[in-house]
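Printed here is data39.tsv (TSV, C-alpha atoms):
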```tsv
chain	number	residue	atom	x	y	z
A	62	MET	CA	90.15	24.13	37.39
A	63	THR	CA	92.85	21.71	36.41
A	64	ILE	CA	92.45	18.16	35.18
A	65	ALA	CA	93.95	16.94	38.42
A	66	SER	CA	91.33	18.63	40.57
A	67	ASP	CA	88.53	17.43	38.26
A	68	LEU	CA	89.94	13.95	38.50
A	69	LYS	CA	90.07	14.15	42.26
A	70	GLN	CA	86.48	15.31	42.35
A	71	SER	CA	85.32	12.36	40.23
A	72	LEU	CA	87.38	10.06	42.40
A	73	ALA	CA	85.67	11.39	45.49
A	74	SER	CA	82.16	10.97	44.10
A	75	LEU	CA	82.98	7.47	42.89
A	76	LYS	CA	84.21	6.59	46.34
A	77	SER	CA	81.01	7.90	47.87
A	78	MET	CA	78.99	5.87	45.35
A	79	GLU	CA	80.93	2.79	46.32
A	80	ALA	CA	79.90	3.33	49.92
A	81	ALA	CA	76.28	4.12	49.00
A	82	LEU	CA	76.01	0.98	46.86
A	83	SER	CA	77.38	-1.05	49.70
A	84	THR	CA	74.80	0.41	52.12
A	85	ILE	CA	71.94	-0.33	49.75
A	86	ALA	CA	73.23	-3.84	49.08
A	87	LEU	CA	73.20	-4.51	52.81
A	88	ARG	CA	69.66	-3.18	53.22
A	89	THR	CA	68.13	-4.95	50.23
A	90	GLU	CA	66.08	-8.04	51.10
A	91	ASN	CA	66.13	-9.73	47.71
A	92	ILE	CA	69.20	-11.93	47.27
A	93	GLU	CA	69.56	-11.37	43.53
A	94	SER	CA	69.30	-7.57	43.72
A	95	LYS	CA	71.72	-7.71	46.62
A	96	ARG	CA	74.23	-9.58	44.47
A	97	THR	CA	73.88	-7.20	41.51
A	98	LEU	CA	74.38	-4.21	43.78
A	99	HIS	CA	77.41	-5.84	45.34
A	100	GLU	CA	78.92	-6.63	41.94
A	101	THR	CA	78.40	-3.02	40.85
A	102	MET	CA	80.15	-1.92	44.03
A	103	MET	CA	83.12	-4.14	43.16
A	104	VAL	CA	83.34	-2.65	39.66
A	105	VAL	CA	83.23	0.87	41.10
A	106	HIS	CA	85.96	-0.16	43.51
A	107	GLU	CA	88.19	-1.32	40.64
A	108	VAL	CA	87.64	1.97	38.82
A	109	VAL	CA	88.46	3.87	42.00
A	110	THR	CA	91.75	1.98	42.40
A	111	GLU	CA	92.85	2.77	38.84
A	112	LEU	CA	91.88	6.42	39.15
A	113	LYS	CA	93.87	6.61	42.38
A	114	ASN	CA	96.94	5.37	40.52
A	115	ARG	CA	96.41	8.00	37.88
A	116	VAL	CA	96.13	10.74	40.52
A	117	GLY	CA	99.44	9.47	41.96
A	118	GLU	CA	101.06	9.67	38.54
A	119	LEU	CA	99.78	13.19	37.96
A	120	GLU	CA	101.05	14.30	41.34
A	121	ARG	CA	104.48	12.88	40.63
A	122	GLU	CA	104.64	14.53	37.21
A	123	GLU	CA	103.40	17.93	38.28
A	124	PHE	CA	104.24	18.53	41.87
A	125	GLN	CA	102.08	21.62	42.30
A	126	TYR	CA	98.90	19.44	42.09
A	127	LYS	CA	99.82	17.61	45.24
A	128	GLY	CA	97.04	17.67	47.79
A	129	PHE	CA	94.49	15.25	49.14
B	231	MET	CA	12.44	-17.09	82.79
B	232	PRO	CA	10.50	-14.50	80.76
B	233	GLY	CA	10.34	-15.09	77.02
B	234	TRP	CA	12.50	-12.14	76.03
B	235	LEU	CA	15.31	-13.17	78.39
B	236	ASP	CA	15.13	-16.73	77.07
B	237	ILE	CA	15.54	-15.48	73.51
B	238	ALA	CA	18.48	-13.30	74.51
B	239	VAL	CA	20.23	-16.21	76.24
B	240	ARG	CA	19.54	-18.58	73.36
B	241	SER	CA	20.78	-16.02	70.83
B	242	ILE	CA	24.01	-15.50	72.73
B	243	ILE	CA	24.57	-19.26	73.02
B	244	PHE	CA	24.00	-19.76	69.29
B	245	VAL	CA	26.22	-16.86	68.29
B	246	VAL	CA	29.01	-18.51	70.29
B	247	VAL	CA	28.24	-21.96	68.86
B	248	LEU	CA	28.11	-20.69	65.28
B	249	PHE	CA	31.35	-18.76	65.81
B	250	LEU	CA	33.13	-21.86	67.11
B	251	ILE	CA	31.72	-24.06	64.35
B	252	THR	CA	32.78	-21.71	61.57
B	253	LYS	CA	36.24	-21.40	63.14
B	254	TRP	CA	36.47	-25.16	63.20
B	255	LEU	CA	35.33	-25.62	59.61
B	256	GLY	CA	37.75	-22.97	58.45
B	257	LYS	CA	37.92	-20.64	55.49
B	258	LYS	CA	36.67	-23.19	53.01
B	259	GLN	CA	33.18	-23.15	54.48
B	260	ILE	CA	33.00	-19.37	54.21
B	261	SER	CA	34.15	-19.24	50.61
B	262	GLU	CA	31.64	-22.02	49.79
B	263	LEU	CA	33.87	-23.77	47.33
B	264	SER	CA	31.49	-26.64	46.70
B	265	PHE	CA	27.78	-27.29	46.51
B	266	PHE	CA	28.10	-29.32	49.69
B	267	GLU	CA	29.50	-26.42	51.71
B	268	TYR	CA	26.95	-24.04	50.24
B	269	VAL	CA	24.01	-26.15	51.36
B	270	ASN	CA	25.59	-26.84	54.74
B	271	GLY	CA	26.17	-23.17	55.42
B	272	ILE	CA	22.51	-22.39	54.82
B	273	THR	CA	21.30	-25.30	56.93
B	274	ILE	CA	23.50	-24.51	59.92
B	275	GLY	CA	22.32	-20.91	59.82
B	276	SER	CA	18.67	-21.94	59.63
B	277	ILE	CA	18.97	-24.35	62.57
B	278	GLY	CA	20.61	-21.62	64.64
B	279	ALA	CA	17.87	-19.10	63.82
B	280	GLU	CA	15.07	-21.62	64.34
B	281	VAL	CA	16.21	-22.72	67.79
B	282	ALA	CA	17.10	-19.21	68.95
B	283	MET	CA	13.57	-17.97	68.22
B	284	GLY	CA	11.47	-21.11	68.80
B	285	LEU	CA	11.06	-21.17	72.58
B	286	GLU	CA	9.36	-24.56	72.58
B	287	ARG	CA	12.47	-26.18	71.07
B	288	ASN	CA	15.30	-27.74	73.08
B	289	ILE	CA	18.60	-25.86	72.83
B	290	PHE	CA	20.68	-29.03	72.98
B	291	HIS	CA	18.82	-30.63	70.10
B	292	GLY	CA	19.69	-27.57	68.06
B	293	ILE	CA	23.34	-27.76	69.02
B	294	ILE	CA	23.45	-31.47	68.15
B	295	GLY	CA	21.93	-30.72	64.75
B	296	ILE	CA	24.49	-28.02	64.07
B	297	VAL	CA	27.42	-30.19	65.15
B	298	VAL	CA	26.24	-33.06	62.92
B	299	PHE	CA	25.81	-30.74	59.96
B	300	ALA	CA	29.28	-29.35	60.59
B	301	ALA	CA	30.94	-32.72	61.16
B	302	ILE	CA	29.82	-34.29	57.89
B	303	PRO	CA	31.48	-31.74	55.55
B	304	PHE	CA	34.51	-31.82	57.86
B	305	LEU	CA	34.83	-35.59	57.42
B	306	ALA	CA	34.05	-35.30	53.73
B	307	GLY	CA	36.85	-32.75	53.46
B	308	LEU	CA	39.30	-35.09	55.15
B	309	LEU	CA	38.26	-37.98	52.87
B	310	SER	CA	38.45	-35.89	49.71
B	311	LEU	CA	41.99	-34.89	50.61
B	312	LYS	CA	42.93	-38.54	50.21
B	313	ASN	CA	40.73	-39.70	47.36
B	314	LYS	CA	40.39	-38.05	43.97
B	315	LYS	CA	37.23	-39.93	42.98
B	316	PHE	CA	35.47	-39.00	46.20
B	317	ARG	CA	36.62	-35.41	45.70
B	318	ASP	CA	35.11	-35.25	42.23
B	319	LEU	CA	31.85	-36.62	43.60
B	320	VAL	CA	31.63	-34.22	46.57
B	321	GLU	CA	33.18	-31.05	45.28
B	322	GLY	CA	32.18	-31.46	41.66
B	323	LYS	CA	34.22	-31.04	38.53
B	324	GLY	CA	34.53	-28.01	36.32
B	325	SER	CA	33.03	-28.23	32.87
B	326	VAL	CA	34.79	-26.81	29.87
B	327	PHE	CA	32.68	-24.21	28.07
B	328	ILE	CA	35.19	-22.94	25.52
B	329	LYS	CA	38.04	-25.01	24.17
B	330	ASP	CA	40.51	-24.03	21.44
B	331	GLY	CA	38.39	-20.91	20.93
B	332	LYS	CA	35.25	-22.92	20.20
B	333	ILE	CA	32.14	-23.03	22.38
B	334	MET	CA	31.24	-26.51	23.63
B	335	GLU	CA	27.46	-26.46	23.11
B	336	ASP	CA	26.96	-29.90	24.64
B	337	ASN	CA	28.57	-28.89	27.92
B	338	LEU	CA	26.50	-25.71	28.01
B	339	LYS	CA	23.36	-27.79	27.62
B	340	LYS	CA	24.49	-30.26	30.27
B	341	GLU	CA	24.94	-27.46	32.81
B	342	ARG	CA	21.74	-25.75	31.56
B	343	TYR	CA	23.46	-22.48	30.77
B	344	THR	CA	21.98	-20.32	28.05
B	345	THR	CA	24.09	-18.35	25.58
B	346	ASP	CA	23.08	-15.15	27.35
B	347	GLU	CA	24.31	-16.49	30.68
B	348	LEU	CA	27.60	-17.53	29.11
B	349	LEU	CA	28.01	-14.05	27.64
B	350	GLU	CA	27.18	-12.52	31.02
B	351	LEU	CA	29.82	-14.65	32.77
B	352	LEU	CA	32.36	-13.68	30.12
B	353	ARG	CA	31.48	-9.99	30.49
B	354	ARG	CA	32.11	-10.25	34.22
B	355	LYS	CA	35.65	-11.22	33.27
B	356	ASP	CA	35.84	-8.16	30.99
B	357	VAL	CA	35.54	-10.24	27.86
B	358	PHE	CA	33.03	-8.94	25.35
B	359	GLN	CA	34.01	-10.95	22.33
B	360	VAL	CA	33.94	-14.74	22.43
B	361	ALA	CA	36.56	-14.81	19.66
B	362	ASP	CA	39.12	-13.43	22.14
B	363	VAL	CA	38.83	-16.50	24.36
B	364	GLU	CA	41.08	-19.50	24.01
B	365	PHE	CA	39.76	-21.54	26.91
B	366	ALA	CA	37.05	-21.12	29.53
B	367	VAL	CA	35.87	-23.47	32.24
B	368	LEU	CA	32.90	-23.29	34.58
B	369	GLU	CA	34.21	-24.01	38.07
B	370	PRO	CA	32.16	-26.07	40.56
B	371	THR	CA	31.46	-22.79	42.41
B	372	GLY	CA	29.72	-21.35	39.35
B	373	ASP	CA	32.51	-18.93	38.45
B	374	LEU	CA	33.83	-18.87	34.93
B	375	SER	CA	37.60	-18.96	34.57
B	376	VAL	CA	38.78	-17.50	31.30
B	377	MET	CA	42.08	-17.83	29.48
B	378	LEU	CA	42.42	-15.31	26.68
B	379	LYS	CA	44.24	-15.96	23.44
B	380	LYS	CA	47.89	-15.01	23.76
B	381	GLU	CA	47.56	-11.87	21.65
B	382	ASN	CA	44.76	-10.62	23.90
B	383	GLN	CA	46.56	-11.24	27.15
B	384	PRO	CA	48.04	-8.25	28.96
B	385	LEU	CA	51.61	-7.40	28.08
B	386	THR	CA	54.15	-8.58	30.64
B	387	ALA	CA	57.79	-7.75	31.28
B	388	LYS	CA	58.64	-11.20	29.92
B	389	ASP	CA	57.02	-10.41	26.57
B	390	LEU	CA	59.17	-7.29	26.27
B	391	ASN	CA	62.34	-9.10	27.38
B	392	LEU	CA	62.61	-6.57	30.18
B	393	ILE	CA	64.77	-7.42	33.13
B	394	VAL	CA	62.92	-6.43	36.29
B	395	PRO	CA	64.33	-7.00	39.75
B	396	SER	CA	62.14	-9.18	41.93
B	397	VAL	CA	60.95	-7.52	45.09
B	398	LYS	CA	59.88	-8.75	48.48
B	399	GLU	CA	56.60	-7.75	50.10
B	400	PRO	CA	56.69	-4.41	51.93
B	401	GLN	CA	56.32	-4.53	55.71
B	402	THR	CA	53.95	-2.21	57.53
B	403	VAL	CA	55.96	-0.91	60.48
B	404	ILE	CA	53.81	2.01	61.68
B	405	MET	CA	50.03	1.95	62.12
B	406	ASP	CA	48.07	4.86	63.61
B	407	GLY	CA	51.23	6.38	65.03
B	408	GLU	CA	52.28	3.18	66.79
B	409	VAL	CA	55.37	1.13	66.02
B	410	MET	CA	54.68	-2.47	64.98
B	411	ASP	CA	57.48	-4.47	66.53
B	412	GLU	CA	56.88	-7.78	64.80
B	413	PRO	CA	57.19	-6.67	61.14
B	414	LEU	CA	60.10	-4.50	62.19
B	415	ALA	CA	61.86	-7.57	63.56
B	416	THR	CA	61.02	-9.53	60.39
B	417	ILE	CA	63.12	-7.16	58.29
B	418	GLY	CA	65.79	-7.05	60.98
B	419	ARG	CA	65.46	-3.40	61.99
B	420	SER	CA	65.21	-1.77	65.37
B	421	ARG	CA	63.07	1.03	66.77
B	422	ASP	CA	66.19	3.19	66.78
B	423	TRP	CA	66.60	2.73	63.05
B	424	LEU	CA	62.95	3.70	62.54
B	425	HIS	CA	63.35	6.84	64.63
B	426	THR	CA	66.43	7.85	62.63
B	427	GLU	CA	64.58	7.36	59.35
B	428	LEU	CA	61.63	9.41	60.64
B	429	GLU	CA	64.00	12.14	61.70
B	430	LYS	CA	65.52	12.14	58.21
B	431	LEU	CA	62.02	12.69	56.81
B	432	GLY	CA	61.42	15.37	59.43
B	433	VAL	CA	58.22	13.92	60.91
B	434	THR	CA	57.27	12.76	64.38
B	435	ILE	CA	55.90	9.28	64.91
B	436	GLU	CA	52.62	10.62	66.35
B	437	ASN	CA	51.90	12.23	63.00
B	438	VAL	CA	52.38	9.03	60.98
B	439	PHE	CA	49.17	7.24	60.04
B	440	LEU	CA	50.87	4.46	58.09
B	441	GLY	CA	54.53	3.65	57.47
B	442	GLN	CA	55.89	0.90	55.24
B	443	VAL	CA	59.38	-0.35	54.48
B	444	ASN	CA	59.98	-1.65	50.98
B	445	SER	CA	62.29	-4.35	49.70
B	446	TYR	CA	65.20	-1.88	49.53
B	447	GLY	CA	64.83	-0.86	53.18
B	448	GLU	CA	63.32	2.53	52.32
B	449	LEU	CA	60.64	3.98	54.59
B	450	THR	CA	57.56	5.56	53.04
B	451	VAL	CA	54.96	7.26	55.25
B	452	ASP	CA	51.46	8.65	55.10
B	453	LEU	CA	50.77	11.43	57.60
B	454	PHE	CA	47.65	12.42	59.52
B	455	ASP	CA	48.37	15.98	58.43
B	456	ASP	CA	47.69	15.82	54.70
B	457	LYS	CA	48.94	19.34	54.13
B	458	LEU	CA	52.53	18.31	54.82
B	459	GLN	CA	54.57	17.10	51.88
B	460	VAL	CA	56.90	14.18	52.50
B	461	ALA	CA	59.79	13.53	50.15
B	462	SER	CA	59.83	10.16	48.47
B	463	PRO	CA	63.09	8.21	48.86
B	464	GLN	CA	65.65	9.65	46.45
B	465	GLU	CA	68.73	7.65	47.34
B	466	ARG	CA	68.67	5.08	44.56
B	467	PRO	CA	67.92	7.47	41.64
B	468	LEU	CA	70.64	9.74	43.05
B	469	ILE	CA	73.21	6.95	42.98
B	470	LEU	CA	72.26	6.11	39.41
B	471	SER	CA	72.64	9.69	38.21
B	472	THR	CA	75.96	10.15	40.03
B	473	LEU	CA	77.28	6.93	38.51
B	474	LYS	CA	76.25	8.18	35.08
B	475	LYS	CA	77.96	11.50	35.72
B	476	CYS	CA	81.18	9.77	36.78
B	477	GLN	CA	81.07	7.63	33.66
B	478	ALA	CA	80.70	10.74	31.49
B	479	ASP	CA	83.60	12.37	33.41
B	480	LEU	CA	85.84	9.42	32.61
B	481	GLU	CA	85.00	9.81	28.93
B	482	LEU	CA	85.91	13.51	29.16
B	483	PHE	CA	89.23	12.69	30.81
B	484	ALA	CA	89.94	10.16	28.06
B	485	LEU	CA	89.40	12.90	25.47
B	486	GLY	CA	91.40	15.46	27.45
B	487	THR	CA	94.56	13.54	28.22
B	488	GLU	CA	97.58	13.42	25.91
B	489	SER	CA	99.16	10.30	27.32
B	490	THR	CA	98.02	7.21	25.36
B	491	GLU	CA	98.39	5.01	28.38
B	492	ALA	CA	96.09	7.18	30.46
B	493	LYS	CA	93.64	7.46	27.55
B	494	GLN	CA	93.42	3.68	27.37
B	495	MET	CA	92.94	3.41	31.12
B	496	TYR	CA	90.13	6.00	31.10
B	497	THR	CA	88.37	4.38	28.13
B	498	LYS	CA	88.57	0.93	29.65
B	499	ASN	CA	87.20	2.12	32.97
B	500	SER	CA	84.42	4.17	31.44
B	501	GLU	CA	83.30	1.11	29.49
B	502	LYS	CA	83.47	-1.02	32.60
B	503	LEU	CA	81.40	1.50	34.50
B	504	GLN	CA	78.86	1.73	31.67
B	505	GLU	CA	78.41	-2.03	31.73
B	506	ALA	CA	77.87	-1.99	35.47
B	507	ILE	CA	75.36	0.87	35.15
B	508	ASP	CA	73.39	-1.04	32.50
B	509	LYS	CA	73.20	-4.02	34.81
B	510	VAL	CA	72.19	-2.17	37.95
B	511	SER	CA	69.90	0.51	36.47
B	512	SER	CA	66.77	-1.70	36.71
B	513	ILE	CA	67.27	-1.82	40.47
B	514	LEU	CA	68.26	1.82	40.96
B	515	LYS	CA	65.49	3.33	38.84
B	516	GLY	CA	63.14	2.85	41.77
```
This structure in C-alpha cells:
Amino acid sequence: MTIASDLKQSLASLKSMEAALSTIALRTENIESKRTLHETMMVVHEVVTELKNRVGELEREEFQYKGF
Amino acid sequence: MPGWLDIAVRSIIFVVVLFLITKWLGKKQISELSFFEYVNGITIGSIGAEVAMGLERNIFHGIIGIVVFAAIPFLAGLLSLKNKKFRDLVEGKGSVFIKDGKIMEDNLKKERYTTDELLELLRRKDVFQVADVEFAVLEPTGDLSVMLKKENQPLTAKDLNLIVPSVKEPQTVIMDGEVMDEPLATIGRSRDWLHTELEKLGVTIENVFLGQVNSYGELTVDLFDDKLQVASPQERPLILSTLKKCQADLELFALGTESTEAKQMYTKNSEKLQEAIDKVSSILKG
C-alpha cells in the first residue's frame, strides 16, 4: 500500500462521514444538536477539500498513482 | 317498577352524573389539592350512593345536591384564580417545618404534628437524617416537600461541568403492531420511512409490540417474540469512531510525509478535526 492509496481511503471515509453527519443533522429534532452536527459537517468538508488538493499534488508528482 | 330495576336505573343515572361532574371539575378535584376539594369529593360520592340505594328518595333532589356541591368549588376555583387572599383562605397555605436546617417547633405545634410524624414524612422522601435537610414545607395537601442541603443533593451534569445535548421527547409510533399516524406526523415522517426502518432492522410490523423514535430520528422496537434480538441503533457511535480513525490517519500522514508544506497541512487539519470531534462527541456517543 502506498501513501497515495491510504490517503485516498481516508478521503473516501471522510467524505462518507460528511454525508452521514448531514443525514443525522437533518433528522435531529433539537435545534442546538442540529447546529453542532452541521458545524462538524462543515469542518469535515474543509478537511476533505484540502485532502483532495493533496491527492491532486501527489498524482501530479508521481503519475503512476493516478486513479480515482 | 320492581325495586331491583329501580336501583339499577338509579345507579346508571348516577354513574353518568358523577362522570360528567368529575369531567367538569377537572383534574384538580381528583388530585384533591385542597381541603375544600377533599371534603367535596367525599360529599358528592356519598350523595350519589345514598340516592342510588335509598328508593324513597327523589332522584332529582340528589342530582341538585350534587350539582350544588360541584358548583361551589368550581366558583371558588375561578375566584381564587383572581384573588391571592381568597386563594390562601380556600386552598390553605403551606407551613414551613424546617428552615435553614433548623426545625420550626412552633409551626409543628400549630399543625399538630408530632416529631415522629415529621420523621415519617421525611422518611417517605428518603431522608433519614434531619441534619441533611435545608428546607422543608408542609403543603396544604399534607405532603412534605423537602429541599436537601446542596452537598446531599444528587449530582447533576451541571455540577460536573458536563456538556450534555438536550433531547426532545421520544414519539411512540408503533403500538401493538399498528402504526400511529399522529405521532409519526409530529416528527415529520411517513409510513414509508417507518417501513424502510423496520426493513433495516429485519422485522415485520406485525411482530412489533412497541416502537419509538428518539430525538435523533432513530427507531427502537420491542418485539412480541422475545427470543429475537434486535440491534440497537449503531449509526452515531460508528460515525464517531470513523471520525476518530480519520483524525489518527491524518496524524500518521503528517509523520510520514517529507514535504514540510504537506506536513503542516496534515497537522492543521488533524487539529481541526480533533476540535470538531470534541465538540460533537457528546451528541454522537448515544
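Nearest-residue note for Ile237 (chain B): choosing from B:Pro467, B:Pro395, B:Gly407, B:Gly284, the minimum distance belongs to B:Gly284, counting all atoms listed in the file.
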Write out as a list in words the residues lying within 8 Å of Ser83 (chain A), counting all atoms listed in the file and excluding same-chain residues fewer than 3 positions away.
Glu79, Ala80, Ala86, Leu87, Leu98, His99 and Met102 of chain A
Please report as a PDB file with C-alpha atoms, in the frame of the given file which residues of chain B come no farther than 7 Å from chain A, using all atoms listed in the file.
```
ATOM      1  CA  PRO B 395      64.330  -7.000  39.750  1.00  0.00           C
ATOM      2  CA  VAL B 397      60.950  -7.520  45.090  1.00  0.00           C
ATOM      3  CA  LYS B 398      59.880  -8.750  48.480  1.00  0.00           C
ATOM      4  CA  SER B 445      62.290  -4.350  49.700  1.00  0.00           C
ATOM      5  CA  TYR B 446      65.200  -1.880  49.530  1.00  0.00           C
ATOM      6  CA  GLY B 447      64.830  -0.860  53.180  1.00  0.00           C
ATOM      7  CA  ILE B 469      73.210   6.950  42.980  1.00  0.00           C
ATOM      8  CA  CYS B 476      81.180   9.770  36.780  1.00  0.00           C
ATOM      9  CA  ASN B 499      87.200   2.120  32.970  1.00  0.00           C
ATOM     10  CA  LEU B 503      81.400   1.500  34.500  1.00  0.00           C
ATOM     11  CA  ALA B 506      77.870  -1.990  35.470  1.00  0.00           C
ATOM     12  CA  VAL B 510      72.190  -2.170  37.950  1.00  0.00           C
ATOM     13  CA  ILE B 513      67.270  -1.820  40.470  1.00  0.00           C
TER      14      ILE B 513
END
```
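Atom pair CA of Val443 (chain B) / CA of Lys457 (chain B): separated by 22.3 Å.
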Do you have the CA of Phe244 (chain B)-CA of Val281 (chain B) distance handy?
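Result for CA of Phe244 (chain B) versus CA of Val281 (chain B): 8.5 Å, one decimal.
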Do a neighbour search on Phe454 (chain B) at 12 Å with all atoms listed in the file, toss out local chain neighbours closer than 3 positions, and write the hits as a list in words.
Met405, Asp406, Gly407, Val433, Thr434, Ile435, Glu436, Asn437, Val438, Phe439, Leu440, Gly441, Val451, Lys457, Leu458, Gln459 and Val460 of chain B
Pick out the residues sitting within 12 Å of Glu347 (chain B), and hand them over as a list in words; count only C-alpha atoms, and ignore anything fewer than 2 positions along from it in its own chain.
Phe327, Leu338, Lys339, Glu341, Arg342, Tyr343, Thr344, Thr345, Leu349, Glu350, Leu351, Leu352, Arg353, Arg354, Leu368, Gly372, Asp373 and Leu374 of chain B
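Considering the residues B:Leu514, B:Leu473, B:Ile277, B:Ile293 and counting all atoms listed in the file, Lys76 (chain A) has its shortest atom-to-atom contact with B:Leu473.
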Report, in Å to a single decimal, how far apart CA of Ile393 (chain B) and CA of Glu448 (chain B) are.
21.7 Å
I'd like the contact shell of Ala478 (chain B) - 12 Å cut-off, all atoms listed in the file, skipping same-chain residues fewer than 3 positions apart - returned as a PyMOL selection string.
(chain A and resi 71) or (chain B and resi 471-475+481-485+496-497+499-501+503-504+507)
Pick the closest to Val409 (chain B) from B:Val298, B:Leu428, B:Leu311, B:Val326: which is it, counting only C-alpha atoms?
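For Val409 (chain B), the nearest of the candidates is B:Leu428.
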Can you work out which one of B:Met283, B:Val297, B:Leu390, B:Ile274 has the shortest atom-to-atom distance to Gly233 (chain B), counting only C-alpha atoms?
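Closest to Gly233 (chain B) of all the choices is B:Met283.
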Compare B:Val376, B:Ile294, B:Leu449, B:Ala301 by their minimum atom-to-atom distance to Thr402 (chain B), counting all atoms listed in the file, and give me the closest one.
B:Leu449
Excluding same-chain residues fewer than 3 positions from Glu412 (chain B), what lies within 9 Å of it counting only C-alpha atoms, as a PDB file with C-alpha atoms, keeping the file's coordinate frame?
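File around24.pdb, as written:
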```
ATOM      1  CA  VAL B 403      55.960  -0.910  60.480  1.00  0.00           C
ATOM      2  CA  ALA B 415      61.860  -7.570  63.560  1.00  0.00           C
ATOM      3  CA  THR B 416      61.020  -9.530  60.390  1.00  0.00           C
TER       4      THR B 416
END
```
Using the atoms already present, construct N, CA and C atoms for region 88-104 of chain A and hand them back as an mmCIF file, keeping the file's coordinate frame.
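Contents of rebuild-v2.cif, freshly written:
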```
data_model
loop_
_atom_site.group_PDB
_atom_site.id
_atom_site.type_symbol
_atom_site.label_atom_id
_atom_site.label_comp_id
_atom_site.auth_asym_id
_atom_site.auth_seq_id
_atom_site.Cartn_x
_atom_site.Cartn_y
_atom_site.Cartn_z
ATOM 1 N N ARG A 88 71.046 -3.373 52.801
ATOM 2 C CA ARG A 88 69.660 -3.180 53.220
ATOM 3 C C ARG A 88 68.673 -3.975 52.388
ATOM 4 N N THR A 89 69.073 -4.315 51.143
ATOM 5 C CA THR A 89 68.130 -4.950 50.230
ATOM 6 C C THR A 89 67.819 -6.372 50.678
ATOM 7 N N GLU A 90 66.509 -6.724 50.627
ATOM 8 C CA GLU A 90 66.080 -8.040 51.100
ATOM 9 C C GLU A 90 66.319 -9.107 50.035
ATOM 10 N N ASN A 91 66.068 -8.740 48.777
ATOM 11 C CA ASN A 91 66.130 -9.730 47.710
ATOM 12 C C ASN A 91 67.578 -10.121 47.411
ATOM 13 N N ILE A 92 67.821 -11.432 47.396
ATOM 14 C CA ILE A 92 69.200 -11.930 47.270
ATOM 15 C C ILE A 92 69.802 -11.509 45.933
ATOM 16 N N GLU A 93 68.991 -11.636 44.858
ATOM 17 C CA GLU A 93 69.560 -11.370 43.530
ATOM 18 C C GLU A 93 69.918 -9.889 43.356
ATOM 19 N N SER A 94 69.012 -9.006 43.796
ATOM 20 C CA SER A 94 69.300 -7.570 43.720
ATOM 21 C C SER A 94 70.520 -7.248 44.559
ATOM 22 N N LYS A 95 70.589 -7.912 45.708
ATOM 23 C CA LYS A 95 71.720 -7.710 46.620
ATOM 24 C C LYS A 95 73.020 -8.022 45.893
ATOM 25 N N ARG A 96 73.019 -9.161 45.160
ATOM 26 C CA ARG A 96 74.230 -9.580 44.470
ATOM 27 C C ARG A 96 74.602 -8.588 43.377
ATOM 28 N N THR A 97 73.608 -8.170 42.580
ATOM 29 C CA THR A 97 73.880 -7.200 41.510
ATOM 30 C C THR A 97 74.475 -5.927 42.072
ATOM 31 N N LEU A 98 73.873 -5.431 43.164
ATOM 32 C CA LEU A 98 74.380 -4.210 43.780
ATOM 33 C C LEU A 98 75.810 -4.396 44.262
ATOM 34 N N HIS A 99 76.068 -5.566 44.828
ATOM 35 C CA HIS A 99 77.410 -5.840 45.340
ATOM 36 C C HIS A 99 78.427 -5.887 44.195
ATOM 37 N N GLU A 100 78.023 -6.551 43.097
ATOM 38 C CA GLU A 100 78.920 -6.630 41.940
ATOM 39 C C GLU A 100 79.237 -5.235 41.401
ATOM 40 N N THR A 101 78.189 -4.399 41.318
ATOM 41 C CA THR A 101 78.400 -3.020 40.850
ATOM 42 C C THR A 101 79.384 -2.311 41.762
ATOM 43 N N MET A 102 79.237 -2.540 43.068
ATOM 44 C CA MET A 102 80.150 -1.920 44.030
ATOM 45 C C MET A 102 81.582 -2.358 43.757
ATOM 46 N N MET A 103 81.774 -3.629 43.443
ATOM 47 C CA MET A 103 83.120 -4.140 43.160
ATOM 48 C C MET A 103 83.708 -3.445 41.931
ATOM 49 N N VAL A 104 82.868 -3.299 40.883
ATOM 50 C CA VAL A 104 83.340 -2.650 39.660
ATOM 51 C C VAL A 104 83.761 -1.216 39.974
#
```
